[in-house]
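Asks: Got a structure for you, query_8.cif, holding mmCIF, C-alpha atoms.
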```
data_query
#
loop_
_atom_site.label_atom_id
_atom_site.label_comp_id
_atom_site.auth_asym_id
_atom_site.auth_seq_id
_atom_site.Cartn_x
_atom_site.Cartn_y
_atom_site.Cartn_z
CA MET A 1 134.73 169.38 137.37
CA ALA A 2 136.64 166.98 135.12
CA THR A 3 136.88 166.61 131.37
CA ALA A 4 137.64 163.74 129.01
CA HIS A 5 138.23 163.70 125.26
CA LEU A 6 135.93 160.97 123.97
CA ASN A 7 134.19 160.29 120.65
CA GLY A 8 135.93 163.30 119.13
CA ILE A 9 134.65 165.83 121.68
CA THR A 10 135.54 167.05 125.15
CA ILE A 11 132.97 165.98 127.74
CA GLY A 12 132.60 167.82 131.03
CA TYR A 13 131.43 165.85 134.04
CA ASP A 14 131.50 165.48 137.81
CA ASP A 15 132.58 162.22 139.43
CA GLU A 16 132.30 162.18 143.20
CA GLY A 17 131.95 159.72 146.02
CA PRO A 18 133.50 156.35 146.82
CA GLY A 19 135.56 155.11 143.88
CA GLY A 20 135.28 158.39 141.98
CA GLU A 21 138.06 160.71 140.94
CA ASN A 22 137.51 162.75 144.12
CA PRO A 23 136.65 160.10 146.74
CA ALA A 24 134.56 161.57 149.55
CA ALA A 25 133.69 158.56 151.68
CA GLU A 26 133.83 154.82 152.08
CA GLY A 27 130.84 153.02 150.69
CA PRO A 28 129.54 150.28 148.39
CA PRO A 29 128.39 150.43 144.76
CA PRO A 30 126.35 150.82 142.64
CA PRO A 31 127.70 153.87 140.86
CA LEU A 32 124.90 156.26 139.93
CA LEU A 33 124.98 158.08 136.58
CA LEU A 34 122.39 160.80 136.01
CA ILE A 35 121.52 162.32 132.62
CA HIS A 36 120.15 165.85 132.51
CA GLY A 37 117.27 167.10 130.39
CA HIS A 38 116.84 169.81 127.76
CA PRO A 39 117.92 172.57 127.75
CA PHE A 40 119.80 172.12 131.02
CA ASP A 41 123.20 170.93 132.20
CA ARG A 42 124.62 168.68 134.88
CA THR A 43 124.05 171.27 137.62
CA MET A 44 120.39 170.24 137.61
CA TRP A 45 121.58 167.20 139.59
CA THR A 46 123.38 169.21 142.29
CA PRO A 47 120.93 168.21 145.07
CA GLN A 48 121.35 164.55 144.15
CA ARG A 49 125.13 164.72 143.77
CA THR A 50 125.33 166.36 147.18
CA ALA A 51 122.97 163.87 148.82
CA PHE A 52 124.33 160.63 147.38
CA SER A 53 128.07 161.19 146.99
CA ALA A 54 128.59 160.34 150.66
CA THR A 55 127.49 156.76 149.98
CA HIS A 56 127.62 156.23 146.22
CA ARG A 57 129.85 157.14 143.33
CA VAL A 58 127.80 159.79 141.48
CA ILE A 59 128.63 160.65 137.86
CA THR A 60 126.87 163.61 136.22
CA PRO A 61 127.98 164.45 132.67
CA ASP A 62 127.07 167.39 130.50
CA LEU A 63 125.48 166.07 127.33
CA ARG A 64 126.98 166.87 123.95
CA GLY A 65 126.04 170.46 123.15
CA TYR A 66 125.35 171.52 126.75
CA GLY A 67 127.27 172.87 129.72
CA GLU A 68 131.02 172.22 129.56
CA THR A 69 130.75 169.63 126.78
CA ASP A 70 131.55 170.57 123.20
CA VAL A 71 128.83 171.78 120.88
CA VAL A 72 128.41 169.93 117.59
CA PRO A 73 125.88 171.79 115.38
CA GLY A 74 123.41 170.01 113.14
CA THR A 75 121.57 166.98 114.52
CA THR A 76 122.53 164.89 117.55
CA PRO A 77 120.80 161.48 117.36
CA PHE A 78 119.97 159.79 120.64
CA ALA A 79 122.35 156.98 119.67
CA THR A 80 125.16 159.55 119.70
CA PHE A 81 124.23 160.75 123.18
CA ALA A 82 124.16 157.12 124.33
CA ALA A 83 127.55 156.43 122.73
CA ASP A 84 128.99 159.36 124.67
CA ILE A 85 127.61 157.92 127.92
CA LEU A 86 129.09 154.51 127.13
CA ALA A 87 132.48 156.03 126.29
CA LEU A 88 132.46 157.90 129.60
CA LEU A 89 131.62 154.71 131.52
CA ASP A 90 134.52 152.98 129.81
CA HIS A 91 136.84 155.92 130.50
CA LEU A 92 135.93 155.84 134.19
CA GLY A 93 136.21 152.07 134.47
CA VAL A 94 132.54 151.62 135.39
CA THR A 95 131.32 148.18 134.36
CA ARG A 96 127.69 148.63 135.45
CA CYS A 97 125.78 151.57 136.88
CA ALA A 98 122.40 152.62 138.14
CA LEU A 99 121.26 154.89 135.31
CA GLY A 100 118.79 157.72 135.63
CA GLY A 101 117.52 160.54 133.49
CA LEU A 102 114.89 163.26 133.53
CA SER A 103 112.76 164.32 130.56
CA MET A 104 115.00 164.09 127.45
CA GLY A 105 117.59 162.57 129.77
CA GLY A 106 115.14 159.79 130.60
CA GLN A 107 114.67 159.09 126.91
CA ILE A 108 118.45 158.97 126.46
CA ALA A 109 118.58 156.53 129.38
CA MET A 110 116.08 154.38 127.47
CA GLU A 111 118.34 154.59 124.41
CA CYS A 112 121.24 153.41 126.59
CA LEU A 113 119.05 150.52 127.73
CA ARG A 114 118.38 149.66 124.09
CA LEU A 115 122.05 149.74 123.09
CA PHE A 116 123.91 148.37 126.12
CA PRO A 117 121.52 146.86 128.68
CA GLU A 118 124.30 144.75 130.18
CA ARG A 119 125.88 147.91 131.60
CA ILE A 120 122.75 148.98 133.50
CA SER A 121 121.95 147.63 136.97
CA GLY A 122 118.96 149.88 137.70
CA LEU A 123 116.77 152.33 135.79
CA LEU A 124 115.39 155.67 137.00
CA LEU A 125 112.99 157.50 134.67
CA ALA A 126 111.80 160.91 135.83
CA ASP A 127 109.23 163.13 134.10
CA THR A 128 109.65 161.45 130.75
CA PHE A 129 107.77 159.22 128.32
CA PRO A 130 108.76 156.37 125.97
CA ALA A 131 106.68 156.92 122.84
CA ALA A 132 108.21 158.00 119.55
CA GLU A 133 107.47 161.48 118.27
CA THR A 134 104.29 162.09 116.31
CA ASP A 135 104.45 163.79 112.91
CA GLY A 136 103.18 166.96 114.57
CA GLY A 137 105.75 166.63 117.30
CA LYS A 138 108.56 166.23 114.77
CA ALA A 139 107.48 169.39 113.00
CA TRP A 140 107.25 171.28 116.30
CA ARG A 141 110.70 170.20 117.49
CA ASN A 142 112.34 171.12 114.21
CA ALA A 143 110.57 174.48 114.15
CA MET A 144 111.70 175.11 117.72
CA ALA A 145 115.27 174.24 116.74
CA ASP A 146 115.06 176.86 113.97
CA ARG A 147 113.66 179.35 116.45
CA LEU A 148 116.45 178.80 118.99
CA LEU A 149 119.06 179.39 116.30
CA ALA A 150 117.29 182.56 115.18
CA GLU A 151 116.31 184.05 118.54
CA GLY A 152 118.69 182.58 121.10
CA MET A 153 117.55 180.93 124.31
CA LYS A 154 115.92 183.78 126.23
CA PRO A 155 112.49 183.98 124.54
CA TYR A 156 112.06 180.22 124.83
CA ALA A 157 113.33 180.14 128.42
CA ASP A 158 110.95 182.90 129.49
CA GLU A 159 108.05 181.21 127.72
CA VAL A 160 108.40 177.72 129.23
CA LEU A 161 109.80 178.49 132.68
CA ASP A 162 106.51 178.07 134.57
CA LYS A 163 106.03 174.61 133.02
CA MET A 164 109.56 173.52 133.83
CA ALA A 165 109.51 174.55 137.50
CA ALA A 166 106.28 175.63 139.13
CA PRO A 167 106.05 179.31 140.13
CA TYR A 168 105.44 178.25 143.73
CA ASN A 169 109.03 176.88 143.74
CA PRO A 170 110.91 180.15 143.04
CA ARG A 171 114.40 178.98 144.04
CA ALA A 172 114.22 175.98 141.73
CA ALA A 173 112.73 178.16 138.99
CA ALA A 174 115.65 180.58 139.23
CA HIS A 175 118.13 177.72 138.82
CA VAL A 176 116.19 176.33 135.86
CA HIS A 177 116.06 179.72 134.18
CA ARG A 178 119.83 180.18 134.58
CA MET A 179 120.50 176.80 132.99
CA MET A 180 118.21 177.52 130.05
CA LEU A 181 119.77 180.92 129.40
CA ALA A 182 123.25 179.39 129.50
CA ALA A 183 122.47 176.58 127.04
CA PRO A 184 124.18 177.00 123.65
CA PRO A 185 121.44 177.42 121.01
CA GLU A 186 123.34 175.27 118.51
CA GLY A 187 123.58 172.38 120.97
CA ALA A 188 119.96 172.67 122.07
CA ALA A 189 118.78 172.81 118.45
CA ALA A 190 120.85 169.74 117.52
CA ALA A 191 119.33 167.82 120.42
CA LEU A 192 115.81 168.82 119.43
CA ARG A 193 116.36 167.57 115.88
CA GLY A 194 117.72 164.29 117.21
CA ARG A 195 114.88 163.98 119.69
CA ALA A 196 112.37 164.34 116.87
CA GLU A 197 113.70 161.12 115.33
CA ARG A 198 113.98 159.00 118.49
CA PRO A 199 112.74 155.40 118.50
CA ASP A 200 109.65 154.14 120.29
CA TYR A 201 110.80 152.62 123.59
CA ARG A 202 107.48 151.25 124.81
CA ALA A 203 108.14 147.63 123.83
CA LEU A 204 111.67 147.89 125.24
CA LEU A 205 110.36 148.79 128.68
CA THR A 206 108.31 145.59 128.93
CA GLY A 207 111.56 143.62 128.94
CA VAL A 208 113.32 145.53 131.74
CA THR A 209 114.74 143.09 134.28
CA VAL A 210 116.53 145.48 136.67
CA PRO A 211 114.96 147.49 139.51
CA ALA A 212 113.14 150.48 138.04
CA LEU A 213 111.83 153.68 139.60
CA ILE A 214 109.46 156.10 137.88
CA VAL A 215 109.19 159.62 139.32
CA VAL A 216 106.93 162.47 138.21
CA GLY A 217 105.87 165.84 139.55
CA ARG A 218 102.18 165.99 140.37
CA ASP A 219 101.81 169.25 138.40
CA ASP A 220 103.94 168.26 135.40
CA THR A 221 102.04 169.20 132.23
CA TYR A 222 104.77 168.06 129.82
CA THR A 223 104.74 164.46 131.08
CA PRO A 224 101.65 164.04 133.25
CA VAL A 225 101.13 161.46 135.95
CA SER A 226 99.22 159.26 133.49
CA ASP A 227 102.41 158.84 131.41
CA ALA A 228 104.33 157.81 134.53
CA GLU A 229 101.62 155.34 135.49
CA ALA A 230 101.76 153.78 132.03
CA MET A 231 105.53 153.28 132.36
CA ARG A 232 105.10 151.83 135.84
CA ASP A 233 102.56 149.36 134.49
CA ALA A 234 104.79 148.43 131.52
CA ILE A 235 107.97 147.70 133.48
CA PRO A 236 107.89 144.52 135.57
CA GLY A 237 108.23 145.36 139.26
CA ALA A 238 108.63 149.11 138.69
CA GLU A 239 107.79 151.51 141.50
CA LEU A 240 106.19 154.94 141.06
CA CYS A 241 106.74 158.07 143.12
CA VAL A 242 104.46 161.04 142.46
CA VAL A 243 106.05 164.15 143.95
CA GLU A 244 103.55 166.65 145.28
CA SER A 245 104.08 170.40 144.79
CA ALA A 246 106.36 169.91 141.79
CA ALA A 247 106.14 170.33 138.03
CA HIS A 248 108.67 169.01 135.47
CA LEU A 249 111.80 169.03 137.68
CA PRO A 250 110.88 167.45 141.02
CA ASN A 251 114.55 166.71 141.73
CA LEU A 252 115.10 170.47 142.06
CA GLU A 253 111.65 171.51 143.26
CA GLN A 254 111.28 168.92 146.05
CA PRO A 255 114.74 167.35 146.37
CA GLU A 256 114.17 165.72 149.75
CA VAL A 257 111.16 163.77 148.49
CA PHE A 258 112.90 162.90 145.22
CA ASN A 259 116.06 161.78 147.02
CA ALA A 260 114.16 159.59 149.47
CA ALA A 261 112.58 157.69 146.57
CA VAL A 262 115.94 157.33 144.83
CA ARG A 263 117.66 156.10 147.97
CA THR A 264 115.04 153.35 148.40
CA TRP A 265 115.48 152.38 144.74
CA LEU A 266 119.25 152.16 145.13
CA THR A 267 118.86 149.66 147.98
CA ARG A 268 117.03 147.34 145.56
CA ILE A 269 119.92 147.21 143.09
CA ASN A 270 122.39 144.38 142.90
CA THR A 271 125.65 145.13 141.12
#
```
Represent the supplied structure as structure tokens.
Replies:
Amino acid sequence: MATAHLNGITIGYDDEGPGGENPAAEGPPPPLLLIHGHPFDRTMWTPQRTAFSATHRVITPDLRGYGETDVVPGTTPFATFAADILALLDHLGVTRCALGGLSMGGQIAMECLRLFPERISGLLLADTFPAAETDGGKAWRNAMADRLLAEGMKPYADEVLDKMAAPYNPRAAAHVHRMMLAAPPEGAAAALRGRAERPDYRALLTGVTVPALIVVGRDDTYTPVSDAEAMRDAIPGAELCVVESAAHLPNLEQPEVFNAAVRTWLTRINT
């Protein structure tokens, strides 16, 4: 684990593989940066960091308010999350990267695409969707933020666990539950308030010019297969992988299938 003081906070991250701070092997670019979802941390990418660091530089940061990165209470706009990612890329000397994210992390990846597309050589969007929040959704996210601050993470974590990782994937579910319980309520609440105000990325996706991969768990009820199909159809040349026997976190529930799709996508990317 490494840390860097950027944008007024300390960011925790892992940087492994060829060209990283802890080189593990010889190999070509592109660097791969993966953005975790809510309310998780960078350990959700452990199967991918392990699988790809032999051949690629893999960078997995903790978002502001999560994991080993500082908590800033209040509201964290998506532009702030994206600015933290950009500052980390600059700190690590990464000119362009293959960028991926899951759920909220996928939406932050879309925000990065909006703000600095020239730094992105490939786009991976997993179990996410591009539309802006509805009025009802804004109210729900802000109410949930209030609830996390009042109750802590456990009631929420217990309530949503079966939607995050399917009960038939108990090892993944245990990991997911640990991450949710460890999330700082103030950081999770700030992210929810920022997420409520995110832009609509649907028009942005129609202009994507880099190789894109869409992944979704077959049994994901938060972002169903139909949402993934719509993104696939919107992005020129995008490919879709539907992961069987997985819910909202196929990278943890069925890592071998997820990793195979990602490895094929990486071969399509020119840095």
Asks: Which value, in Å to one decimal, gives the distance between CA of Thr221 in chain A and CA of Asn142 in chain A?
Replies: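 The value is 20.8 Å.
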Asks: Wanna dump the range 112-209 of chain A-range 34-54 of chain A contacts at 12 Å for me, each residue with its shortest atom pair and the distance in Å to one decimal, counting all atoms listed in the file, ordered by chain and number, as JSON lines?
Replies:
```
{"residue": "A:Cys112", "atom": "CA", "partner": "A:Ile35", "partner_atom": "CA", "distance": 10.8}
{"residue": "A:Gly122", "atom": "CA", "partner": "A:Leu34", "partner_atom": "CA", "distance": 11.6}
{"residue": "A:Leu123", "atom": "CA", "partner": "A:Leu34", "partner_atom": "CA", "distance": 10.2}
{"residue": "A:Leu124", "atom": "CA", "partner": "A:Leu34", "partner_atom": "CA", "distance": 8.7}
{"residue": "A:Leu125", "atom": "CA", "partner": "A:Ile35", "partner_atom": "CA", "distance": 10.0}
{"residue": "A:Ala126", "atom": "CA", "partner": "A:Gly37", "partner_atom": "CA", "distance": 9.9}
{"residue": "A:Asp127", "atom": "CA", "partner": "A:Gly37", "partner_atom": "CA", "distance": 9.7}
{"residue": "A:Thr128", "atom": "CA", "partner": "A:Gly37", "partner_atom": "CA", "distance": 9.5}
{"residue": "A:Arg141", "atom": "CA", "partner": "A:His38", "partner_atom": "CA", "distance": 12.0}
{"residue": "A:Ala145", "atom": "CA", "partner": "A:Pro39", "partner_atom": "CA", "distance": 11.4}
{"residue": "A:Leu148", "atom": "CA", "partner": "A:Pro39", "partner_atom": "CA", "distance": 10.8}
{"residue": "A:Met153", "atom": "CA", "partner": "A:Pro39", "partner_atom": "CA", "distance": 9.0}
{"residue": "A:Lys154", "atom": "CA", "partner": "A:Pro39", "partner_atom": "CA", "distance": 11.5}
{"residue": "A:Tyr156", "atom": "CA", "partner": "A:Pro39", "partner_atom": "CA", "distance": 10.1}
{"residue": "A:Ala157", "atom": "CA", "partner": "A:Pro39", "partner_atom": "CA", "distance": 8.9}
{"residue": "A:Val160", "atom": "CA", "partner": "A:Pro39", "partner_atom": "CA", "distance": 10.9}
{"residue": "A:Leu161", "atom": "CA", "partner": "A:Pro39", "partner_atom": "CA", "distance": 11.2}
{"residue": "A:Met164", "atom": "CA", "partner": "A:His38", "partner_atom": "CA", "distance": 10.2}
{"residue": "A:Ala165", "atom": "CA", "partner": "A:Met44", "partner_atom": "CA", "distance": 11.7}
{"residue": "A:Ala172", "atom": "CA", "partner": "A:Met44", "partner_atom": "CA", "distance": 9.4}
{"residue": "A:Ala173", "atom": "CA", "partner": "A:Met44", "partner_atom": "CA", "distance": 11.1}
{"residue": "A:Ala174", "atom": "CA", "partner": "A:Met44", "partner_atom": "CA", "distance": 11.5}
{"residue": "A:His175", "atom": "CA", "partner": "A:Met44", "partner_atom": "CA", "distance": 7.9}
{"residue": "A:Val176", "atom": "CA", "partner": "A:Phe40", "partner_atom": "CA", "distance": 7.4}
{"residue": "A:His177", "atom": "CA", "partner": "A:Phe40", "partner_atom": "CA", "distance": 9.0}
{"residue": "A:Arg178", "atom": "CA", "partner": "A:Phe40", "partner_atom": "CA", "distance": 8.8}
{"residue": "A:Met179", "atom": "CA", "partner": "A:Phe40", "partner_atom": "CA", "distance": 5.1}
{"residue": "A:Met180", "atom": "CA", "partner": "A:Pro39", "partner_atom": "CA", "distance": 5.5}
{"residue": "A:Leu181", "atom": "CA", "partner": "A:Pro39", "partner_atom": "CA", "distance": 8.7}
{"residue": "A:Ala182", "atom": "CA", "partner": "A:Phe40", "partner_atom": "CA", "distance": 8.2}
{"residue": "A:Ala183", "atom": "CA", "partner": "A:Pro39", "partner_atom": "CA", "distance": 6.1}
{"residue": "A:Pro184", "atom": "CA", "partner": "A:Pro39", "partner_atom": "CA", "distance": 8.7}
{"residue": "A:Pro185", "atom": "CA", "partner": "A:Pro39", "partner_atom": "CA", "distance": 9.0}
{"residue": "A:Glu186", "atom": "CA", "partner": "A:Pro39", "partner_atom": "CA", "distance": 11.0}
{"residue": "A:Gly187", "atom": "CA", "partner": "A:Pro39", "partner_atom": "CA", "distance": 8.8}
{"residue": "A:Ala188", "atom": "CA", "partner": "A:Pro39", "partner_atom": "CA", "distance": 6.0}
{"residue": "A:Ala189", "atom": "CA", "partner": "A:Pro39", "partner_atom": "CA", "distance": 9.3}
{"residue": "A:Ala190", "atom": "CA", "partner": "A:His38", "partner_atom": "CA", "distance": 11.0}
{"residue": "A:Ala191", "atom": "CA", "partner": "A:His38", "partner_atom": "CA", "distance": 8.0}
{"residue": "A:Leu192", "atom": "CA", "partner": "A:His38", "partner_atom": "CA", "distance": 8.5}
{"residue": "A:Gly194", "atom": "CA", "partner": "A:His38", "partner_atom": "CA", "distance": 11.9}
{"residue": "A:Arg195", "atom": "CA", "partner": "A:His38", "partner_atom": "CA", "distance": 10.1}
```
Asks: Using only C-alpha atoms, which residues sit within 12 Å of Ile9 in chain A once same-chain residues fewer than 4 positions away are excluded, as a ChimeraX atom specification?
Replies: /A:3-5,62-65,68-72,80-81,83-84,87-88
Asks: Compile the contact shell of Ala131 in chain A as a ChimeraX atom specification: residues with an atom at most 8 Å away, counting all atoms listed in the file, same-chain residues fewer than 4 positions apart removed.
Replies: /A:199-202
Asks: Go through the shown structure with the PyMOL selection byres ((chain A and resi 204) around 10) and write out the matching residues as JSON, numbers by chain.
Replies: {"A": [110, 111, 113, 114, 130, 200, 201, 202, 203, 205, 206, 207, 208, 234, 235]}
Asks: From the list A:Ile120, A:Leu249, A:Met231, A:Leu6, which residue is nearest Gly105 in chain A when using all atoms listed in the file?
Replies: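 Distance minimum relative to Gly105 in chain A lands on A:Leu249.
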Asks: So, with only C-alpha atoms as the atoms that count, which of A:His248, A:Ala212, A:Ala98, A:Cys241 lies closest to Ala260 in chain A?
Replies: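 Among A:His248, A:Ala212, A:Ala98, A:Cys241, it is A:Cys241 that comes nearest to Ala260 in chain A.
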